[in-house]
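As C-alpha cells, the structure follows; a few thoughts come after it.
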Amino acid sequence: MASSVKSTALEPTPAELAGLSVFERVKRFVPVYGLVILTVLLALFFSILLPETFPTLLNVRSIISDKAIIAILSLGAMIPMVAGKIDLTVGYGIVLWHILAISLQTQLGVPWPLAVLVVLALGAGVGLINGLLVEVAQIDAFIATLGTGTILYAIAMWYSKGRQIVGVASDAFYALNGADVFGLPITGFYVLALSVALWFVLEYLPIGRYFYAIGANPKAAELNGIPVRRYTILAFVASGLLAAFAGVLLAAKLRIGQASVGLEYLLPALVGAFLGSTTIKPGRVNVWGTVVGVTILAIGISGIQQLGALFFVEPLFNGATLLVAIGIAGYAQRRRGAEPARAPATTAQSGGANGETAATSSKGGKL
C-alpha cells in the first residue's frame with residue numbers, strides 16, 4: 001500500500017515547457033490540473049441543469065456543512081500518506097470519538113472544553129499506538145490500522161451497548177459545528193485553517209520535507225540522517241488528532257452518540273485523500289489536491305442527489321471518481337516515462353517526494 005502513495009511528482013518544470021507550443025503546454029498541464037478543471041465543469045453543468053437549486057448560497061452552505069467533516073478526515077488520512085503509510089482508523093475512530101464527546105458531558109458531567117481535550121488526547125494516543133505498531137512492531141500499516149480501527153469500533157459498540165446516547169450538552173459545544181461566520185458554516189473555516197496550516201508545514205518547513213522524503217524512499221531518508229521512525233509515528237499522531245477533532249464536530253452536529261454512525265465517512269475520506277495525489281501535484285500527496293478531491297465529490301454528490309438519484313449512487317460516484325482520477329494520473333506518468341528526451345530533467349525533479357529530495361541528496365544529504 002505504501003508504494004501506491006509514494007511521491008513522484010509530475011508537474012512540468014520550466015525546462016520541460018521550454019520550446020513547446022501552446023497546444024503541447026496545455027496537454028502537459030491537463031493531467032496536472034485535470035481534476036480542478038473537471039470540478040469547475042461539473043459545477044457549471046449542475047448549475048445549468050439545476051439553476052434554481054444548485055448555484056445558491058443555501059446549497060453552498062449545505063455542501064460545506066455536510067462535507068467539512070469528511071474534508072478534515074481526508075486531511076488527517078493524507079498526513080500518513082505523505083510518509084508512505086495509510087491510516088484506516090480515521091473512519092473507525094470517529095465512531096468512538098463522537099460517542100465519547102457526547103457521553104462525557106451528558107452522562108459524566110464533564111465540562112465541554114475538558115471533554116473535547118480528553119477526546120483529542122485519546123485520538124492522539126491511538127495515533128501513537130498505530131505509529132508504534134507500524135514502526136516498532138513492523139506491522140504493515142494497512143493491517144495495523146485496520147486492526148486498531150476494528151478494536152475502536154468494538155469499544156464504541158460495547159460502551160454504547162448498541163444504543164443511542166442522548167442528553168443535553170452545552171450550547172457552546174453545539175456551536176462548534178452549528179455557528180456561522182460571514183454567513184457560512186464555521187466548519188468550512190476549520191477546513192480552510194487546517195488546509196493552510198498543513199500546506200505551510202508540508203511545503204515550507206523541514207518537517208514537511210522529511211515526510212515527503214520518507215514517503216519517497218525511507219531507506220534513503222534514513223541515510224540522509226532523517227529519523228524515519230520518529231517522523232512516521234508523528235504522522236500517525238497527527239492523523240489520530242484530526243480524526244478525534246472530526247469526531248468532536250460530528251458529536252456537535254448530531255447531538256447524540258450512535259455506534260451505527262461514522263463508518264460511512266471512511267470511504268469518502270480515503271477517496272478524497274487519494275484523489276489529492278492525482279491533481280495540483282500529481283503523483284505526490286498534497287493538501288490542495290486533497291481539498292479539490294473532496295470538493296469534486298461534494299459537488300457531484302450534491303448535484304446527483306438534487307436530480308433524485310437513488311441511495312446507492314453516492315458510493316458508486318465515489319468509487320468511479322477515484323478510478324477515473326487515478327487512471328488520468330497513471331496515463332500522465334506512462335506518457336512522461338515514454339519521453340526519453342526529457343528523462344534526465346524528469347529524474348532530477350521527481351526523484352524525491354517533493355521534487356527536491358534527489359537534488360538535495362546530491363548536495364550531501366541536506367534536507
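The way I read the labels, and the way they are meant: chains A, B, ... in the order of the C-alpha cells, residue 1 as the first residue of every chain, and ligand 1 as the first ligand shown, with later ones counted on from there.
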*asked:* Can you pull out the residues contacting Phe173 (chain A)? Cut-off 10 Å, using only C-alpha atoms, and skip same-chain residues under 2 positions away; I want them as number ranges by chain.
replied: A: 101-102, 105, 111-113, 115-116, 169-171, 175-178, 248-249, 251-253, 255
Dump of C-alpha atoms for the selected residues, as a short mmCIF file (atom, residue, chain, number, x, y, z; two decimals), in the first residue's frame:
data_model
loop_
_atom_site.label_atom_id
_atom_site.label_comp_id
_atom_site.auth_asym_id
_atom_site.auth_seq_id
_atom_site.Cartn_x
_atom_site.Cartn_y
_atom_site.Cartn_z
CA ALA A 101 -17.62 13.60 23.24
CA ILE A 102 -21.35 13.33 23.97
CA GLN A 105 -20.80 15.63 29.03
CA PRO A 111 -17.41 20.38 31.14
CA TRP A 112 -17.37 20.54 27.37
CA PRO A 113 -13.87 22.06 26.97
CA ALA A 115 -14.41 16.64 27.25
CA VAL A 116 -13.05 17.93 23.95
CA ALA A 169 -24.87 19.32 26.25
CA SER A 170 -23.77 22.93 26.37
CA ASP A 171 -24.91 25.32 23.65
CA ALA A 175 -21.82 25.94 18.38
CA LEU A 176 -18.54 24.23 17.48
CA ASN A 177 -20.39 22.87 14.47
CA GLY A 178 -23.55 24.97 14.27
CA VAL A 248 -15.97 16.18 18.20
CA LEU A 249 -17.55 18.10 15.31
CA ALA A 251 -20.97 14.98 18.03
CA ALA A 252 -21.76 18.70 17.98
CA LYS A 253 -23.62 18.22 14.71
CA ARG A 255 -26.15 15.99 19.33
#
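Residue nearest Tyr190 (chain A) within the list A:Trp288, A:Tyr204, A:Tyr153, A:Phe245: A:Phe245 [criterion: smallest interatomic distance, only C-alpha atoms].
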_Spatial neighbours of Phe211 (chain A), max dist 8 Å, only C-alpha atoms, sep filter under 6 positions, as a VMD selection string_ = chain A and resid 82 to 83 202 231 to 232
*Which polymer residues have any atom within 12 Å of an atom of region 139-151 of chain A, counting only C-alpha atoms, with same-chain residues fewer than 2 positions away left out, as a ChimeraX atom specification?*
/A:1-3,77,80-81,83-97,123,125-137,153-158,232-233,236,239-240,243,262-263,266
